[in-house]
Number of protein chains: 2
Amino acid sequence: MARRNDHTREEIQGMAIDATRTLIATEGLEGVSARKVAQQIGYTVGTLYQNFENIHELILHANAFSLTQLLAALEQAYHQESKPMQRIIRIANTYLDFGQMHEKQWAAIFRHTLPQGFVMPDWYQARIDALFSLIERAVWELAPGRDKKQIQLASRTLWSSVHGICILNIGNKLYSDNIATPQTLMQSLVTHYLNAWVREGSKA
Amino acid sequence: MARRNDHTREEIQGMAIDATRTLIATEGLEGVSARKVAQQIGYTVGTLYQNFENIHELILHANAFSLTQLLAALEQAYHQESKPMQRIIRIANTYLDFGQMHEKQWAAIFRHTLPQGFVMPDWYQARIDALFSLIERAVWELAPGRDKKQIQLASRTLWSSVHGICILNIGNKLYSDNIATPQTLMQSLVTHYLNAWVREGSKA
DNA sequence: ACCTGAACACCGTTCAAGT
DNA sequence: ACCTGAACACCGTTCAAGT
């Protein structure tokens with residue numbers, strides 16, 4: 001054994017991230033373990049730890065992949081509507097759909113927490129920022145005349161709320177369906193919040 | 001050893017739940033383990049498993065305790081305001097404060113997931129239901145004339161959103177503070193959403 | 001330089017054996 | 001009946017030893 005040199009560092013890292021993504025998609029975040037990943041790529045845990053600092057870095061890479069997919073879906077949604085309000089609704093529903101379609105991956109993104117002392121890498125934070133930028137841009141187009149501060153406040157409020165509805169949707173699927181679909185809640189949130197917010201701005 | 005009979009079943013269970021609560025409060029949900037709990041109450045893991053089905057049941061009991069505290073705080077908030085809109089704002093801010101003050105406990109409630117196949121016990125679900133009932137009552141008082149269906153829809157939408165803001169607040173504490181405090185987001189959400197919702201109802 | 005395999009300190013859970 | 005302690009099958013992480 002030792003020194004097989006079958007794969008480059010980059011190849012091993014890519015294989016490990018892929019294996020982690022598969023584990024998340026099938027068994028969820030809790031199903032990920034260093035030993036399982038190692039076994040699936042045909043190396044031992046030792047090799048895994050020469051390519052990644054720890055298991056969290058590996059999960060972060062897998063989650064970053066999902067975030068990139070999510071961002072792509074949201075950007076597509078953005079370009080599919082031209083009216084500002086419809087655009088935001090479309091983006092919010094795409095967010096909801098993504099969570100519904102890729103439940104395990106979505107949950108892995110938002111359920112994974114770094115242990116104390118770990119800092120979120122820049123390349124990961126960049127993806128989160130890109131997500132918020134997209135929303136800010138869409139909200140700005142709805143009310144181009146307003147302060148940047150106000151746009152930021154509204155964007156954050158709106159998106160936290162959209163996120164909250166997605167979470168509730170994944171958690172208790174059963175008993176909210178009797179009352180209304182998550183799409184109905186989403187519609188209610190976005191239209192009511194933004195209508196009142198836009199109206200408030202036109203008073204000034 | 002064996003057959004000490006120092007404590008009744010109920011005493012052991014109470015001690016174990018208390019120990020779990022302490023572990024959550026100090027180390028967070030990830031810091032809980034059967035061995036730690038057992039050690040802290042002066043028994044072995046074996047005894048723990050004679051009193052609880054598994055570790056999840058233990059965590060559920062600890063979380064139920066937190067939920068009861070949260071519910072009490074929300075009910076107090078309810079009675080501290082008489083105007084319907086102010087009342088809802090007060091309840092939402094109390095929810096936010098509770099999450100901020102008891103961060104670990106709050107996170108434990110919403111981050112703990114039962115493994116597949118586990119059903120949430122009735123005594124636990126009852127506490128969640130009580131929480132939603134409180135909100136529904138408060139929303140109903142804001143618009144007593146509207147359909148029960150509409151009240152339920154608005155309550156769920158509003159509370160999912162409030163919850164979303166709390167989550168964002170706990171996750172990224174640092175960089176949202178430059179833009180606005182979570183209290184500002186909360187205020188923005190509740191007033192805008194409910195103003196538009198109330199206005200919509202008065203049109204009919 | 002690259003990779004392994006064993007080791008360490010942990011998990012959740014079970015259950016024969018002791019009193 | 002009650003409780004223990006060892007066992008089983010897992011974890012994340014490290015590192016001396018091999019090629």
# chains A, B, ... in the order shown; residues from 1 in each chain; ligands from 1
>>> closest_atom_pairs(of="chain C", to="chain A", cutoff="12 Å", atoms="only C-alpha atoms (C1' of nucleotides)", output="JSON lines")
{"residue": "C:DA1", "atom": "C1'", "partner": "A:Arg3", "partner_atom": "CA", "distance": 7.5}
{"residue": "C:DC2", "atom": "C1'", "partner": "A:Arg3", "partner_atom": "CA", "distance": 4.3}
{"residue": "C:DC3", "atom": "C1'", "partner": "A:Ala2", "partner_atom": "CA", "distance": 3.9}
{"residue": "C:DT4", "atom": "C1'", "partner": "A:Ala2", "partner_atom": "CA", "distance": 6.2}
{"residue": "C:DG5", "atom": "C1'", "partner": "A:Thr44", "partner_atom": "CA", "distance": 8.7}
{"residue": "C:DA6", "atom": "C1'", "partner": "A:Gly46", "partner_atom": "CA", "distance": 11.1}
>>> write_last_selection(atoms="N, CA, C and O atoms (P, O5', C5', C4', C3', O3' and C1' of nucleotides)", output="PDB file, in the first residue's frame")
ATOM      1  P    DA C   1       8.395  15.610   0.529  1.00  0.00           P
ATOM      2  O5'  DA C   1       7.075  15.177  -0.270  1.00  0.00           O
ATOM      3  C5'  DA C   1       7.122  15.137  -1.692  1.00  0.00           C
ATOM      4  C4'  DA C   1       6.077  14.185  -2.182  1.00  0.00           C
ATOM      5  C3'  DA C   1       4.660  14.476  -1.691  1.00  0.00           C
ATOM      6  O3'  DA C   1       3.776  14.172  -2.764  1.00  0.00           O
ATOM      7  C1'  DA C   1       5.354  12.347  -0.892  1.00  0.00           C
ATOM      8  P    DC C   2       2.188  14.334  -2.590  1.00  0.00           P
ATOM      9  O5'  DC C   2       1.760  12.864  -2.168  1.00  0.00           O
ATOM     10  C5'  DC C   2       1.844  11.830  -3.131  1.00  0.00           C
ATOM     11  C4'  DC C   2       1.391  10.541  -2.483  1.00  0.00           C
ATOM     12  C3'  DC C   2      -0.040  10.563  -1.921  1.00  0.00           C
ATOM     13  O3'  DC C   2      -0.764   9.532  -2.559  1.00  0.00           O
ATOM     14  C1'  DC C   2       1.489   9.639  -0.367  1.00  0.00           C
ATOM     15  P    DC C   3      -2.326   9.389  -2.428  1.00  0.00           P
ATOM     16  O5'  DC C   3      -2.392   8.314  -1.277  1.00  0.00           O
ATOM     17  C5'  DC C   3      -1.881   7.000  -1.533  1.00  0.00           C
ATOM     18  C4'  DC C   3      -1.900   6.209  -0.245  1.00  0.00           C
ATOM     19  C3'  DC C   3      -3.235   6.204   0.499  1.00  0.00           C
ATOM     20  O3'  DC C   3      -3.846   4.926   0.290  1.00  0.00           O
ATOM     21  C1'  DC C   3      -1.333   6.414   1.958  1.00  0.00           C
ATOM     22  P    DT C   4      -5.083   4.426   1.187  1.00  0.00           P
ATOM     23  O5'  DT C   4      -4.286   3.760   2.376  1.00  0.00           O
ATOM     24  C5'  DT C   4      -3.314   2.777   2.085  1.00  0.00           C
ATOM     25  C4'  DT C   4      -2.811   2.120   3.359  1.00  0.00           C
ATOM     26  C3'  DT C   4      -3.928   1.587   4.266  1.00  0.00           C
ATOM     27  O3'  DT C   4      -3.602   0.249   4.614  1.00  0.00           O
ATOM     28  C1'  DT C   4      -2.488   3.051   5.481  1.00  0.00           C
ATOM     29  P    DG C   5      -4.741  -0.785   5.055  1.00  0.00           P
ATOM     30  O5'  DG C   5      -4.485  -0.840   6.617  1.00  0.00           O
ATOM     31  C5'  DG C   5      -3.159  -1.070   7.106  1.00  0.00           C
ATOM     32  C4'  DG C   5      -3.110  -0.801   8.593  1.00  0.00           C
ATOM     33  C3'  DG C   5      -4.356  -1.254   9.348  1.00  0.00           C
ATOM     34  O3'  DG C   5      -3.934  -1.752  10.613  1.00  0.00           O
ATOM     35  C1'  DG C   5      -4.049   1.042   9.696  1.00  0.00           C
ATOM     36  P    DA C   6      -4.811  -2.756  11.440  1.00  0.00           P
ATOM     37  O5'  DA C   6      -4.245  -2.452  12.895  1.00  0.00           O
ATOM     38  C5'  DA C   6      -2.919  -1.914  13.023  1.00  0.00           C
ATOM     39  C4'  DA C   6      -2.918  -0.747  14.002  1.00  0.00           C
ATOM     40  C3'  DA C   6      -3.851  -0.925  15.212  1.00  0.00           C
ATOM     41  O3'  DA C   6      -3.110  -0.666  16.384  1.00  0.00           O
ATOM     42  C1'  DA C   6      -4.164   1.198  14.245  1.00  0.00           C
TER      43       DA C   6
END
>>> residues_around(residues="Ala138 in chain B", least_positions_apart="5", cutoff="8 Å", atoms="only C-alpha atoms (C1' of nucleotides)", output="PyMOL selection string")
chain B and resi 78+84+87-88
>>> residues_around(residues="Gly14 in chain B", least_positions_apart="5", cutoff="12 Å", atoms="only C-alpha atoms (C1' of nucleotides)", output="number ranges by chain")
B: 7-9, 19-21, 37, 41, 48, 51-52, 58, 61-62, 65
>>> write_last_selection(atoms="C-alpha atoms", output="PDB file, in the first residue's frame")
ATOM      1  CA  HIS B   7     -34.668   7.348  44.024  1.00  0.00           C
ATOM      2  CA  THR B   8     -38.028   6.555  42.526  1.00  0.00           C
ATOM      3  CA  ARG B   9     -38.464   6.222  38.782  1.00  0.00           C
ATOM      4  CA  ALA B  19     -29.185  17.410  33.758  1.00  0.00           C
ATOM      5  CA  THR B  20     -30.084  17.477  30.068  1.00  0.00           C
ATOM      6  CA  ARG B  21     -31.411  21.023  30.385  1.00  0.00           C
ATOM      7  CA  VAL B  37     -26.339  12.790  31.659  1.00  0.00           C
ATOM      8  CA  ILE B  41     -27.089  12.111  38.004  1.00  0.00           C
ATOM      9  CA  LEU B  48     -31.027   5.913  31.819  1.00  0.00           C
ATOM     10  CA  ASN B  51     -36.255   5.332  32.152  1.00  0.00           C
ATOM     11  CA  PHE B  52     -36.207   6.688  28.614  1.00  0.00           C
ATOM     12  CA  LEU B  58     -34.779  12.880  26.898  1.00  0.00           C
ATOM     13  CA  HIS B  61     -38.504  16.482  27.571  1.00  0.00           C
ATOM     14  CA  ALA B  62     -35.853  19.139  28.074  1.00  0.00           C
ATOM     15  CA  PHE B  65     -39.607  22.502  29.445  1.00  0.00           C
TER      16      PHE B  65
END
>>> interface_residues(of="chain B", to="chain A", cutoff="6 Å", atoms="only C-alpha atoms", output="list in words")
Thr157, Ser160, Ser161, His163, Gly164, Ile165, Leu185, His192, Tyr193 and Ala196 of chain B
>>> atom_distance(atom1="CA of Leu23 in chain A", atom2="CA of Asp97 in chain A")
21.3 Å
>>> select_by_dssp(residues="chain B", states="helix (DSSP H, G or I)", output="MDAnalysis selection string")
chainID B and resid 9:27 29:31 34:41 45:51 55:80 84:101 103:111 122:142 148:171 173:176 182:203
>>> residues_around(residues="DT14 in chain D", least_positions_apart="2", cutoff="10 Å", atoms="only C-alpha atoms (C1' of nucleotides)", output="short mmCIF file (atom, residue, chain, number, x, y, z; two decimals) with N, CA, C and O atoms (P, O5', C5', C4', C3', O3' and C1' of nucleotides), in the first residue's frame")
data_model
loop_
_atom_site.label_atom_id
_atom_site.label_comp_id
_atom_site.auth_asym_id
_atom_site.auth_seq_id
_atom_site.Cartn_x
_atom_site.Cartn_y
_atom_site.Cartn_z
N GLY A 46 -7.54 8.49 6.85
CA GLY A 46 -6.28 9.23 6.92
C GLY A 46 -6.09 10.14 5.72
O GLY A 46 -5.77 11.32 5.86
N TYR A 49 -8.26 13.19 5.73
CA TYR A 49 -7.79 14.25 6.64
C TYR A 49 -6.53 14.94 6.13
O TYR A 49 -6.08 15.91 6.71
P DA C 7 -3.65 -1.12 17.80
"O5'" DA C 7 -3.77 0.28 18.54
"C5'" DA C 7 -2.69 1.21 18.48
"C4'" DA C 7 -3.20 2.61 18.75
"C3'" DA C 7 -4.14 2.71 19.96
"O3'" DA C 7 -3.52 3.44 20.99
"C1'" DA C 7 -4.96 3.95 18.08
P DC C 8 -4.21 3.45 22.48
"O5'" DC C 8 -5.03 4.82 22.49
"C5'" DC C 8 -4.36 6.04 22.19
"C4'" DC C 8 -5.37 7.17 22.21
"C3'" DC C 8 -6.41 7.04 23.32
"O3'" DC C 8 -6.48 8.24 24.08
"C1'" DC C 8 -7.48 7.34 21.22
P DG D 12 -17.59 11.10 11.62
"O5'" DG D 12 -16.56 11.88 12.55
"C5'" DG D 12 -17.03 12.95 13.36
"C4'" DG D 12 -15.87 13.55 14.11
"C3'" DG D 12 -14.78 14.11 13.19
"O3'" DG D 12 -14.29 15.32 13.75
"C1'" DG D 12 -13.89 12.38 14.55
P DA D 16 4.09 10.39 15.39
"O5'" DA D 16 4.87 9.00 15.32
"C5'" DA D 16 4.56 7.98 16.27
"C4'" DA D 16 4.42 6.65 15.58
"C3'" DA D 16 5.69 6.18 14.86
"O3'" DA D 16 5.90 4.79 15.13
"C1'" DA D 16 3.89 6.31 13.31
#
